[in-house]
Amino acid sequence: MRFTGTHLLVLAASVSTALGQTWCGKNYMANQTVVPPGGQFVLPPKSSDPLLAFRCAPAFRPYLEEDASDAAFVVDTRIVYDWIDGTSPITLPEDTTSEPCNLTVTIKVGDVQTTQQVPLNATGYEIPLDISKLVAQKTPYEVSCLASYQSSQFFSANASLLYLPDTNGSVTKTDLRTGSLWVRPVNDNSAPFEPFVPQGFYVSFDQYLVKNLSLIDQLKADGFNTIHPIPPYDNATVFEQVLNKTVELGLYIIFDMRSNYQNLTAVAGLVDTYKSLPNLLTWETAHEPDGNSDPADAAKQAYDLIYQTDGYHPISMVLNCEDYNFAPYVEGADIVLEDAYPIGINATYSAVWNTSCTPDFGHCGCDNCKGGLIDIRARVQTFKDRLDILGYDRTKTVWTTPQAFGSGAYWNTTPTGQQWTAIGLISFNHGAMGSMSYQYPTTTGNVTT
């Protein structure tokens, strides 16, 4: 499928985002005073008694009509001692080895339901549920999940099921059992869905792609499978060429609406036009909204609109801050990317602003970082832990943005090839499910680094 100038007329003029008077809610300039930023994530209180974290979710989002008879739900019945979202007290027998420790779980969607025994303290227990009697539709179904323990203790959880009509267009499924994506090969809708680990780069459209389309060929030759063009996409002719070349090479593309996502009219037009891209992997809306202090509900508004208009592709955002309004921002995404860039920074003093950096003041290029690989581990793991606390451990996942630049501004050096590799490995070891490095071509342009 080739895209023409007619399709590209819907690209709105993009507005550049300038660095504001604060970053991550903090003042950072020498003429500013120290004002605590607020917006810190609140950890749940501890419990001395056991709690049941009863959760359920469809195994995939979305399900298509072709999947209906093989659909399933995944149930968690963890025993925890923190008041994370949705937990309830549970009374356990003193001797759990003397009798079966099962919950009776009923999942109901419309007129379709099933009941099964699920072990206590289970994670990822799958319950098949044929949904073929339901009507495929754009509006998600409400799901009721009920559980009883020893016929005297009762628990409930809510979920949603996105069950869409079959389509000839591209579809990106999220495996809610693992957080991974499932796709078909580009331009082969007859092939089965398979697990997919996105590994690619951000590439500036106006700085690089407009001048040199061969970078796309090089990215493919280097073994990457995904490209994320950075907007604005204001040269319609070249953007058409970029789209067609990525399809030709079998590269998946992330469509970035950072410049437009707060304009819902623009979002609707872009999604309606580009949702038919045969290699569309995800939509991305807010880019570092926490750093820029964008309105906390803006990404969620765009998120809801995109699902109303499309629904076949997940939505991502990038968060830059270590701890600033995490909870309200992640409402607007299925995929949360962290972009901590610690290599080459001075973690305590900003050479750009000639000011110190503390938890309450300053901008040193990596928010609340120590200046090493430990920051990657901390950021990925912290984001995952927070999603679990909020009840999103099944429905939202974390990706990483490895640092592939430096030697300027806040960074006095460029990551080596080994450091770049280590960032990716550390991220995946701590649960990241995708990697989009920033940016291509790398600072040195040397493939060994």
# chains A, B, ... in the order shown; residues from 1 in each chain; ligands from 1
call {"tool": "closest_atom_pairs", "arguments": {"of": "range 313-394 of chain A", "to": "range 28-50 of chain A", "cutoff": "8 Å", "atoms": "only C-alpha atoms", "output": "CSV"}}
result
residue,atom,partner,partner_atom,distance
A:Asp323,CA,A:Gln40,CA,5.5
A:Tyr324,CA,A:Gly39,CA,4.8
A:Asn325,CA,A:Gly39,CA,4.6
A:Phe326,CA,A:Phe41,CA,6.6
A:Ala327,CA,A:Phe41,CA,7.1
A:Trp353,CA,A:Met29,CA,5.9
A:Asn354,CA,A:Ala30,CA,6.9
A:Thr355,CA,A:Ala30,CA,5.9
A:Cys357,CA,A:Tyr28,CA,7.9
A:Asp360,CA,A:Pro36,CA,4.9
A:Phe361,CA,A:Tyr28,CA,5.7
A:Gly362,CA,A:Tyr28,CA,3.9
A:His363,CA,A:Tyr28,CA,5.5
A:Ile389,CA,A:Pro44,CA,7.4
call {"tool": "write_last_selection", "arguments": {"atoms": "all heavy atoms", "output": "CSV table (one decimal), in the first residue's frame"}}
result
chain,number,residue,atom,x,y,z
A,323,ASP,N,10.2,11.1,39.3
A,323,ASP,CA,9.1,11.0,40.1
A,323,ASP,C,8.3,12.3,40.1
A,323,ASP,O,8.4,13.2,41.0
A,323,ASP,CB,9.5,10.7,41.6
A,323,ASP,CG,8.3,10.4,42.5
A,323,ASP,OD1,7.2,10.3,42.0
A,323,ASP,OD2,8.6,10.3,43.7
A,324,TYR,N,7.5,12.5,39.1
A,324,TYR,CA,6.7,13.7,39.0
A,324,TYR,C,5.4,13.4,38.2
A,324,TYR,O,5.4,13.2,37.0
A,324,TYR,CB,7.4,14.9,38.2
A,324,TYR,CG,6.7,16.2,38.2
A,324,TYR,CD1,6.4,16.8,39.4
A,324,TYR,CD2,6.2,16.7,37.1
A,324,TYR,CE1,5.7,18.0,39.4
A,324,TYR,CE2,5.5,17.9,37.1
A,324,TYR,CZ,5.3,18.6,38.2
A,324,TYR,OH,4.6,19.8,38.3
A,325,ASN,N,4.3,13.3,39.0
A,325,ASN,CA,3.0,13.1,38.5
A,325,ASN,C,2.9,11.8,37.6
A,325,ASN,O,2.2,11.8,36.6
A,325,ASN,CB,2.5,14.3,37.7
A,325,ASN,CG,2.1,15.5,38.6
A,325,ASN,OD1,1.8,15.3,39.8
A,325,ASN,ND2,2.2,16.7,38.0
A,326,PHE,N,3.5,10.8,38.1
A,326,PHE,CA,3.5,9.5,37.3
A,326,PHE,C,2.1,9.0,37.2
A,326,PHE,O,1.7,8.6,36.1
A,326,PHE,CB,4.4,8.5,38.1
A,326,PHE,CG,4.5,7.2,37.4
A,326,PHE,CD1,5.5,6.9,36.4
A,326,PHE,CD2,3.6,6.1,37.7
A,326,PHE,CE1,5.6,5.7,35.8
A,326,PHE,CE2,3.7,4.9,37.1
A,326,PHE,CZ,4.7,4.7,36.2
A,327,ALA,N,1.4,8.9,38.3
A,327,ALA,CA,0.1,8.3,38.2
A,327,ALA,C,-0.9,8.9,37.2
A,327,ALA,O,-1.5,8.2,36.4
A,327,ALA,CB,-0.5,8.2,39.6
A,353,TRP,N,23.2,25.3,33.1
A,353,TRP,CA,22.6,26.3,33.9
A,353,TRP,C,23.4,26.9,35.0
A,353,TRP,O,23.0,27.9,35.7
A,353,TRP,CB,21.2,25.8,34.4
A,353,TRP,CG,20.4,25.3,33.3
A,353,TRP,CD1,20.1,24.0,33.0
A,353,TRP,CD2,19.7,26.1,32.3
A,353,TRP,NE1,19.3,23.9,31.9
A,353,TRP,CE2,19.0,25.1,31.5
A,353,TRP,CE3,19.5,27.4,32.1
A,353,TRP,CZ2,18.2,25.6,30.4
A,353,TRP,CZ3,18.8,27.8,31.0
A,353,TRP,CH2,18.1,26.9,30.2
A,354,ASN,N,24.6,26.3,35.2
A,354,ASN,CA,25.4,26.7,36.3
A,354,ASN,C,24.7,26.8,37.7
A,354,ASN,O,24.8,27.7,38.4
A,354,ASN,CB,26.0,28.1,36.0
A,354,ASN,CG,26.9,28.1,34.8
A,354,ASN,OD1,27.8,27.2,34.7
A,354,ASN,ND2,26.8,29.1,33.9
A,355,THR,N,24.0,25.7,37.9
A,355,THR,CA,23.3,25.5,39.2
A,355,THR,C,23.4,24.1,39.7
A,355,THR,O,23.8,23.2,38.9
A,355,THR,CB,21.8,25.8,39.0
A,355,THR,OG1,21.2,24.9,38.0
A,355,THR,CG2,21.5,27.3,38.6
A,357,CYS,N,22.0,20.5,41.3
A,357,CYS,CA,20.9,19.6,41.1
A,357,CYS,C,20.6,18.8,42.4
A,357,CYS,O,21.5,18.1,42.9
A,357,CYS,CB,21.2,18.7,40.0
A,357,CYS,SG,21.2,19.5,38.3
A,360,ASP,N,14.9,18.8,44.7
A,360,ASP,CA,14.0,19.9,44.6
A,360,ASP,C,14.3,21.0,43.7
A,360,ASP,O,13.6,21.9,43.5
A,360,ASP,CB,13.8,20.5,46.0
A,360,ASP,CG,13.1,19.6,47.0
A,360,ASP,OD1,12.3,18.8,46.6
A,360,ASP,OD2,13.4,19.7,48.2
A,361,PHE,N,15.5,20.9,43.0
A,361,PHE,CA,16.0,22.0,42.2
A,361,PHE,C,17.0,21.4,41.2
A,361,PHE,O,17.8,20.5,41.4
A,361,PHE,CB,16.7,23.1,43.0
A,361,PHE,CG,17.1,24.3,42.3
A,361,PHE,CD1,16.2,25.3,42.1
A,361,PHE,CD2,18.3,24.4,41.7
A,361,PHE,CE1,16.5,26.5,41.4
A,361,PHE,CE2,18.7,25.5,41.0
A,361,PHE,CZ,17.8,26.6,40.8
A,362,GLY,N,16.9,22.1,40.0
A,362,GLY,CA,18.0,21.8,39.0
A,362,GLY,C,17.6,20.9,37.9
A,362,GLY,O,16.6,20.1,38.0
A,363,HIS,N,18.4,21.0,36.8
A,363,HIS,CA,18.2,20.2,35.6
A,363,HIS,C,19.6,19.7,35.1
A,363,HIS,O,20.3,20.5,34.5
A,363,HIS,CB,17.4,21.0,34.5
A,363,HIS,CG,17.1,20.2,33.3
A,363,HIS,ND1,17.3,18.8,33.2
A,363,HIS,CD2,16.5,20.6,32.1
A,363,HIS,CE1,16.9,18.4,32.0
A,363,HIS,NE2,16.5,19.5,31.3
A,389,ILE,N,1.5,-1.2,41.7
A,389,ILE,CA,0.8,-0.6,42.8
A,389,ILE,C,-0.5,0.0,42.3
A,389,ILE,O,-1.5,0.0,43.0
A,389,ILE,CB,1.7,0.5,43.4
A,389,ILE,CG1,2.9,-0.2,44.1
A,389,ILE,CG2,0.9,1.4,44.4
A,389,ILE,CD1,4.0,0.7,44.6
call {"tool": "select_by_dssp", "arguments": {"residues": "range 77-264 of chain A", "states": "strand (DSSP E)", "output": "ChimeraX atom specification"}}
result
/A:77-82,87-89,102-109,112-119,125-128,141-149,153-161,163-164,173-175,181-183,194-196,199-204,226-230,252-256
call {"tool": "closest_residue", "arguments": {"among": "A:His313, A:Lys108, A:Lys173, A:Arg184", "to": "Ser160 in chain A", "atoms": "only C-alpha atoms"}}
result
A:Lys108
call {"tool": "residues_around", "arguments": {"residues": "range 134-149 of chain A", "least_positions_apart": "3", "cutoff": "9 Å", "atoms": "only C-alpha atoms", "output": "PyMOL selection string"}}
result
chain A and resi 54-57+63-65+68+90+101-112+120+131+152-166+307-311
call {"tool": "select_by_dssp", "arguments": {"residues": "range 89-249 of chain A", "states": "alpha helix (DSSP H)", "output": "MDAnalysis selection string"}}
result
chainID A and resid 214:221 236:249
call {"tool": "write_last_selection", "arguments": {"atoms": "N, CA, C and O atoms", "output": "compact mmCIF listing (two decimals), in the first residue's frame"}}
result
# COMPACT_ATOMS: atom_id res chain seq x y z
N SER A 214 18.48 6.96 2.89
CA SER A 214 19.26 5.72 2.99
C SER A 214 19.50 5.32 4.44
O SER A 214 19.89 4.19 4.72
N LEU A 215 19.27 6.25 5.39
CA LEU A 215 19.39 5.89 6.80
C LEU A 215 18.41 4.78 7.16
O LEU A 215 18.68 3.96 8.04
N ILE A 216 17.27 4.73 6.48
CA ILE A 216 16.29 3.68 6.75
C ILE A 216 16.85 2.34 6.31
O ILE A 216 16.73 1.33 7.02
N ASP A 217 17.50 2.31 5.15
CA ASP A 217 18.14 1.08 4.68
C ASP A 217 19.23 0.64 5.66
O ASP A 217 19.36 -0.55 5.96
N GLN A 218 20.01 1.61 6.17
CA GLN A 218 21.08 1.29 7.09
C GLN A 218 20.54 0.74 8.41
O GLN A 218 21.08 -0.21 8.98
N LEU A 219 19.44 1.33 8.88
CA LEU A 219 18.82 0.85 10.12
C LEU A 219 18.39 -0.60 9.98
O LEU A 219 18.62 -1.43 10.87
N LYS A 220 17.80 -0.92 8.84
CA LYS A 220 17.40 -2.30 8.58
C LYS A 220 18.62 -3.20 8.48
O LYS A 220 18.64 -4.31 9.06
N ALA A 221 19.66 -2.75 7.78
CA ALA A 221 20.87 -3.56 7.63
C ALA A 221 21.56 -3.79 8.96
O ALA A 221 22.22 -4.82 9.16
N ALA A 236 5.62 16.80 3.14
CA ALA A 236 4.69 15.73 2.81
C ALA A 236 5.26 14.74 1.80
O ALA A 236 5.05 13.53 1.90
N THR A 237 6.02 15.25 0.84
CA THR A 237 6.57 14.37 -0.20
C THR A 237 7.55 13.38 0.40
O THR A 237 7.49 12.18 0.13
N VAL A 238 8.45 13.87 1.23
CA VAL A 238 9.45 12.99 1.82
C VAL A 238 8.80 12.05 2.85
O VAL A 238 9.18 10.88 2.95
N PHE A 239 7.81 12.55 3.58
CA PHE A 239 7.16 11.67 4.55
C PHE A 239 6.48 10.50 3.85
O PHE A 239 6.51 9.37 4.33
N GLU A 240 5.90 10.78 2.70
CA GLU A 240 5.32 9.69 1.89
C GLU A 240 6.40 8.69 1.50
O GLU A 240 6.20 7.47 1.57
N GLN A 241 7.57 9.18 1.12
CA GLN A 241 8.67 8.29 0.74
C GLN A 241 9.15 7.47 1.94
O GLN A 241 9.49 6.29 1.81
N VAL A 242 9.18 8.10 3.12
CA VAL A 242 9.58 7.38 4.34
C VAL A 242 8.61 6.24 4.61
O VAL A 242 9.02 5.10 4.87
N LEU A 243 7.31 6.54 4.54
CA LEU A 243 6.31 5.51 4.80
C LEU A 243 6.45 4.35 3.83
O LEU A 243 6.45 3.17 4.22
N ASN A 244 6.58 4.66 2.56
CA ASN A 244 6.66 3.61 1.56
C ASN A 244 7.94 2.79 1.68
O ASN A 244 7.93 1.57 1.49
N LYS A 245 9.04 3.44 2.01
CA LYS A 245 10.30 2.69 2.15
C LYS A 245 10.25 1.76 3.36
O LYS A 245 10.74 0.64 3.30
N THR A 246 9.67 2.21 4.47
CA THR A 246 9.60 1.33 5.63
C THR A 246 8.74 0.11 5.35
O THR A 246 9.05 -1.01 5.79
N VAL A 247 7.66 0.30 4.60
CA VAL A 247 6.83 -0.85 4.22
C VAL A 247 7.62 -1.79 3.32
O VAL A 247 7.61 -3.01 3.51
N GLU A 248 8.33 -1.22 2.36
CA GLU A 248 9.13 -2.02 1.42
C GLU A 248 10.17 -2.86 2.16
O GLU A 248 10.41 -4.03 1.81
N LEU A 249 10.77 -2.30 3.21
CA LEU A 249 11.82 -3.00 3.94
C LEU A 249 11.28 -3.89 5.06
O LEU A 249 12.04 -4.61 5.71
call {"tool": "closest_residue", "arguments": {"among": "A:Met436, A:Val75, A:Leu51, A:Ala266", "to": "Ile253 in chain A", "atoms": "only C-alpha atoms"}}
result
A:Met436
call {"tool": "residues_around", "arguments": {"residues": "Leu305 in chain A", "least_positions_apart": "4", "cutoff": "8 Å", "atoms": "only C-alpha atoms", "output": "list in words"}}
result
Leu264, Val267, Ala268, Gln301 and Thr309 of chain A
call {"tool": "residues_around", "arguments": {"residues": "Val271 in chain A", "least_positions_apart": "2", "cutoff": "12 Å", "atoms": "only C-alpha atoms", "output": "PDB file with N, CA, C and O atoms, in the first residue's frame"}}
result
ATOM      1  N   HIS A   7      -3.318  11.653   1.252  1.00  0.00           N
ATOM      2  CA  HIS A   7      -3.298  11.194   2.639  1.00  0.00           C
ATOM      3  C   HIS A   7      -2.540  12.168   3.529  1.00  0.00           C
ATOM      4  O   HIS A   7      -2.884  12.371   4.692  1.00  0.00           O
ATOM      5  N   LEU A   8      -1.512  12.780   2.996  1.00  0.00           N
ATOM      6  CA  LEU A   8      -0.610  13.553   3.822  1.00  0.00           C
ATOM      7  C   LEU A   8      -1.099  14.973   4.082  1.00  0.00           C
ATOM      8  O   LEU A   8      -0.511  15.695   4.881  1.00  0.00           O
ATOM      9  N   VAL A  10      -3.503  15.788   5.827  1.00  0.00           N
ATOM     10  CA  VAL A  10      -4.049  15.906   7.180  1.00  0.00           C
ATOM     11  C   VAL A  10      -2.965  16.221   8.202  1.00  0.00           C
ATOM     12  O   VAL A  10      -3.264  16.452   9.362  1.00  0.00           O
ATOM     13  N   LEU A  11      -1.697  16.191   7.799  1.00  0.00           N
ATOM     14  CA  LEU A  11      -0.638  16.525   8.761  1.00  0.00           C
ATOM     15  C   LEU A  11      -0.741  17.996   9.160  1.00  0.00           C
ATOM     16  O   LEU A  11      -0.583  18.891   8.335  1.00  0.00           O
ATOM     17  N   PHE A 255       4.086   5.965  14.979  1.00  0.00           N
ATOM     18  CA  PHE A 255       3.598   7.270  14.520  1.00  0.00           C
ATOM     19  C   PHE A 255       3.519   8.199  15.714  1.00  0.00           C
ATOM     20  O   PHE A 255       2.784   7.950  16.671  1.00  0.00           O
ATOM     21  N   ASP A 256       4.256   9.290  15.652  1.00  0.00           N
ATOM     22  CA  ASP A 256       4.464  10.194  16.792  1.00  0.00           C
ATOM     23  C   ASP A 256       3.598  11.440  16.643  1.00  0.00           C
ATOM     24  O   ASP A 256       3.716  12.174  15.663  1.00  0.00           O
ATOM     25  N   MET A 257       2.761  11.694  17.654  1.00  0.00           N
ATOM     26  CA  MET A 257       1.880  12.862  17.639  1.00  0.00           C
ATOM     27  C   MET A 257       2.207  13.834  18.768  1.00  0.00           C
ATOM     28  O   MET A 257       1.333  14.556  19.256  1.00  0.00           O
ATOM     29  N   ASN A 260       0.974  17.315  18.406  1.00  0.00           N
ATOM     30  CA  ASN A 260      -0.446  17.513  18.126  1.00  0.00           C
ATOM     31  C   ASN A 260      -1.375  16.903  19.164  1.00  0.00           C
ATOM     32  O   ASN A 260      -2.582  17.115  19.086  1.00  0.00           O
ATOM     33  N   TYR A 261      -0.854  16.140  20.108  1.00  0.00           N
ATOM     34  CA  TYR A 261      -1.744  15.278  20.888  1.00  0.00           C
ATOM     35  C   TYR A 261      -2.720  16.042  21.775  1.00  0.00           C
ATOM     36  O   TYR A 261      -3.755  15.494  22.174  1.00  0.00           O
ATOM     37  N   LEU A 264      -7.309  17.622  19.913  1.00  0.00           N
ATOM     38  CA  LEU A 264      -8.048  16.391  19.635  1.00  0.00           C
ATOM     39  C   LEU A 264      -8.579  16.343  18.206  1.00  0.00           C
ATOM     40  O   LEU A 264      -8.724  15.260  17.631  1.00  0.00           O
ATOM     41  N   THR A 265      -8.840  17.493  17.629  1.00  0.00           N
ATOM     42  CA  THR A 265      -9.264  17.503  16.220  1.00  0.00           C
ATOM     43  C   THR A 265      -8.142  17.002  15.324  1.00  0.00           C
ATOM     44  O   THR A 265      -8.361  16.193  14.403  1.00  0.00           O
ATOM     45  N   ALA A 266      -6.921  17.459  15.595  1.00  0.00           N
ATOM     46  CA  ALA A 266      -5.774  16.995  14.818  1.00  0.00           C
ATOM     47  C   ALA A 266      -5.536  15.512  15.046  1.00  0.00           C
ATOM     48  O   ALA A 266      -5.248  14.762  14.098  1.00  0.00           O
ATOM     49  N   VAL A 267      -5.654  15.063  16.295  1.00  0.00           N
ATOM     50  CA  VAL A 267      -5.455  13.642  16.598  1.00  0.00           C
ATOM     51  C   VAL A 267      -6.443  12.785  15.818  1.00  0.00           C
ATOM     52  O   VAL A 267      -6.064  11.770  15.215  1.00  0.00           O
ATOM     53  N   ALA A 268      -7.707  13.175  15.811  1.00  0.00           N
ATOM     54  CA  ALA A 268      -8.724  12.399  15.106  1.00  0.00           C
ATOM     55  C   ALA A 268      -8.396  12.289  13.617  1.00  0.00           C
ATOM     56  O   ALA A 268      -8.531  11.213  13.013  1.00  0.00           O
ATOM     57  N   GLY A 269      -7.956  13.396  13.021  1.00  0.00           N
ATOM     58  CA  GLY A 269      -7.620  13.369  11.601  1.00  0.00           C
ATOM     59  C   GLY A 269      -6.419  12.500  11.300  1.00  0.00           C
ATOM     60  O   GLY A 269      -6.416  11.727  10.333  1.00  0.00           O
ATOM     61  N   THR A 273      -6.472   8.806   9.245  1.00  0.00           N
ATOM     62  CA  THR A 273      -5.705   8.680   8.000  1.00  0.00           C
ATOM     63  C   THR A 273      -4.669   7.567   8.074  1.00  0.00           C
ATOM     64  O   THR A 273      -4.567   6.738   7.165  1.00  0.00           O
ATOM     65  N   TYR A 274      -3.922   7.500   9.163  1.00  0.00           N
ATOM     66  CA  TYR A 274      -2.758   6.617   9.206  1.00  0.00           C
ATOM     67  C   TYR A 274      -2.992   5.283   9.904  1.00  0.00           C
ATOM     68  O   TYR A 274      -2.103   4.440   9.941  1.00  0.00           O
ATOM     69  N   LYS A 275      -4.189   5.053  10.409  1.00  0.00           N
ATOM     70  CA  LYS A 275      -4.470   3.763  11.038  1.00  0.00           C
ATOM     71  C   LYS A 275      -4.413   2.610  10.036  1.00  0.00           C
ATOM     72  O   LYS A 275      -4.275   1.452  10.427  1.00  0.00           O
ATOM     73  N   SER A 276      -4.489   2.927   8.747  1.00  0.00           N
ATOM     74  CA  SER A 276      -4.434   1.880   7.726  1.00  0.00           C
ATOM     75  C   SER A 276      -3.019   1.572   7.259  1.00  0.00           C
ATOM     76  O   SER A 276      -2.820   0.739   6.364  1.00  0.00           O
ATOM     77  N   LEU A 277      -2.003   2.238   7.836  1.00  0.00           N
ATOM     78  CA  LEU A 277      -0.624   1.887   7.482  1.00  0.00           C
ATOM     79  C   LEU A 277      -0.386   0.390   7.702  1.00  0.00           C
ATOM     80  O   LEU A 277      -0.653  -0.122   8.794  1.00  0.00           O
ATOM     81  N   LEU A 280       2.048  -0.107  10.757  1.00  0.00           N
ATOM     82  CA  LEU A 280       1.882   0.691  11.965  1.00  0.00           C
ATOM     83  C   LEU A 280       1.983  -0.224  13.192  1.00  0.00           C
ATOM     84  O   LEU A 280       1.228  -1.185  13.318  1.00  0.00           O
ATOM     85  N   THR A 282       2.617   1.186  16.779  1.00  0.00           N
ATOM     86  CA  THR A 282       1.940   1.877  17.874  1.00  0.00           C
ATOM     87  C   THR A 282       1.763   3.338  17.515  1.00  0.00           C
ATOM     88  O   THR A 282       2.421   3.869  16.613  1.00  0.00           O
ATOM     89  N   TRP A 283       0.886   3.983  18.273  1.00  0.00           N
ATOM     90  CA  TRP A 283       0.791   5.436  18.285  1.00  0.00           C
ATOM     91  C   TRP A 283       1.590   5.942  19.480  1.00  0.00           C
ATOM     92  O   TRP A 283       1.601   5.312  20.528  1.00  0.00           O
ATOM     93  N   GLU A 284       2.250   7.093  19.326  1.00  0.00           N
ATOM     94  CA  GLU A 284       2.840   7.740  20.491  1.00  0.00           C
ATOM     95  C   GLU A 284       2.264   9.145  20.605  1.00  0.00           C
ATOM     96  O   GLU A 284       2.192   9.878  19.623  1.00  0.00           O
ATOM     97  N   THR A 285       1.859   9.490  21.820  1.00  0.00           N
ATOM     98  CA  THR A 285       1.238  10.793  22.027  1.00  0.00           C
ATOM     99  C   THR A 285       2.187  11.706  22.797  1.00  0.00           C
ATOM    100  O   THR A 285       2.989  12.416  22.215  1.00  0.00           O
ATOM    101  N   ALA A 302      -6.484  12.114  24.665  1.00  0.00           N
ATOM    102  CA  ALA A 302      -6.043  11.619  23.362  1.00  0.00           C
ATOM    103  C   ALA A 302      -6.160  10.106  23.297  1.00  0.00           C
ATOM    104  O   ALA A 302      -6.573   9.533  22.272  1.00  0.00           O
ATOM    105  N   TYR A 303      -5.802   9.439  24.377  1.00  0.00           N
ATOM    106  CA  TYR A 303      -5.870   7.971  24.468  1.00  0.00           C
ATOM    107  C   TYR A 303      -7.292   7.482  24.192  1.00  0.00           C
ATOM    108  O   TYR A 303      -7.513   6.572  23.375  1.00  0.00           O
ATOM    109  N   LEU A 305      -9.723   8.996  22.678  1.00  0.00           N
ATOM    110  CA  LEU A 305     -10.130   9.310  21.307  1.00  0.00           C
ATOM    111  C   LEU A 305      -9.504   8.336  20.314  1.00  0.00           C
ATOM    112  O   LEU A 305     -10.170   7.875  19.364  1.00  0.00           O
ATOM    113  N   ILE A 306      -8.234   8.007  20.507  1.00  0.00           N
ATOM    114  CA  ILE A 306      -7.554   7.089  19.586  1.00  0.00           C
ATOM    115  C   ILE A 306      -8.219   5.715  19.617  1.00  0.00           C
ATOM    116  O   ILE A 306      -8.410   5.081  18.576  1.00  0.00           O
ATOM    117  N   TYR A 307      -8.588   5.254  20.801  1.00  0.00           N
ATOM    118  CA  TYR A 307      -9.265   3.953  20.876  1.00  0.00           C
ATOM    119  C   TYR A 307     -10.644   3.996  20.228  1.00  0.00           C
ATOM    120  O   TYR A 307     -11.087   3.015  19.623  1.00  0.00           O
ATOM    121  N   GLN A 308     -11.325   5.119  20.311  1.00  0.00           N
ATOM    122  CA  GLN A 308     -12.613   5.247  19.642  1.00  0.00           C
ATOM    123  C   GLN A 308     -12.453   5.225  18.128  1.00  0.00           C
ATOM    124  O   GLN A 308     -13.294   4.690  17.402  1.00  0.00           O
ATOM    125  N   THR A 309     -11.357   5.798  17.648  1.00  0.00           N
ATOM    126  CA  THR A 309     -11.141   5.927  16.204  1.00  0.00           C
ATOM    127  C   THR A 309     -10.465   4.693  15.613  1.00  0.00           C
ATOM    128  O   THR A 309     -10.712   4.328  14.463  1.00  0.00           O
ATOM    129  N   ASP A 310      -9.586   4.063  16.398  1.00  0.00           N
ATOM    130  CA  ASP A 310      -8.822   2.918  15.888  1.00  0.00           C
ATOM    131  C   ASP A 310      -9.057   1.684  16.763  1.00  0.00           C
ATOM    132  O   ASP A 310      -9.962   0.894  16.503  1.00  0.00           O
ATOM    133  N   GLY A 311      -8.255   1.483  17.778  1.00  0.00           N
ATOM    134  CA  GLY A 311      -8.403   0.340  18.667  1.00  0.00           C
ATOM    135  C   GLY A 311      -7.539  -0.850  18.320  1.00  0.00           C
ATOM    136  O   GLY A 311      -7.381  -1.763  19.136  1.00  0.00           O
ATOM    137  N   TYR A 312      -6.961  -0.851  17.119  1.00  0.00           N
ATOM    138  CA  TYR A 312      -6.165  -1.998  16.677  1.00  0.00           C
ATOM    139  C   TYR A 312      -4.676  -1.854  16.998  1.00  0.00           C
ATOM    140  O   TYR A 312      -3.898  -2.752  16.697  1.00  0.00           O
ATOM    141  N   HIS A 313      -4.291  -0.723  17.576  1.00  0.00           N
ATOM    142  CA  HIS A 313      -2.876  -0.489  17.888  1.00  0.00           C
ATOM    143  C   HIS A 313      -2.757   0.145  19.261  1.00  0.00           C
ATOM    144  O   HIS A 313      -3.532   1.044  19.601  1.00  0.00           O
ATOM    145  N   ILE A 315      -1.002   2.383  22.459  1.00  0.00           N
ATOM    146  CA  ILE A 315      -0.593   3.785  22.546  1.00  0.00           C
ATOM    147  C   ILE A 315       0.527   3.903  23.570  1.00  0.00           C
ATOM    148  O   ILE A 315       0.444   3.347  24.667  1.00  0.00           O
TER     149      ILE A 315
END
call {"tool": "closest_residue", "arguments": {"among": "A:Ala422, A:Leu209, A:Val80, A:Ala72", "to": "Tyr125 in chain A", "atoms": "only C-alpha atoms"}}
result
A:Ala72
call {"tool": "closest_residue", "arguments": {"among": "A:Pro402, A:Gly200, A:Pro342, A:Gly431", "to": "Asp375 in chain A", "atoms": "only C-alpha atoms"}}
result
A:Pro342
call {"tool": "closest_residue", "arguments": {"among": "A:Ser427, A:Gln21, A:Thr442, A:Gln381", "to": "Ala404 in chain A", "atoms": "only C-alpha atoms"}}
result
A:Thr442
call {"tool": "atom_distance", "arguments": {"atom1": "CA of Thr348 in chain A", "atom2": "CA of Gly371 in chain A"}}
result
9.2 Å
call {"tool": "residues_around", "arguments": {"residues": "Arg379 in chain A", "least_positions_apart": "5", "cutoff": "10 Å", "atoms": "only C-alpha atoms", "output": "VMD selection string"}}
result
chain A and resid 320 to 323 338 to 340 369 374 384 to 385 400 427 430
call {"tool": "atom_distance", "arguments": {"atom1": "CA of Cys366 in chain A", "atom2": "CA of Ala296 in chain A"}}
result
21.2 Å
call {"tool": "closest_residue", "arguments": {"among": "A:Lys300, A:Lys211, A:Arg377, A:His228", "to": "Leu281 in chain A", "atoms": "only C-alpha atoms"}}
result
A:His228
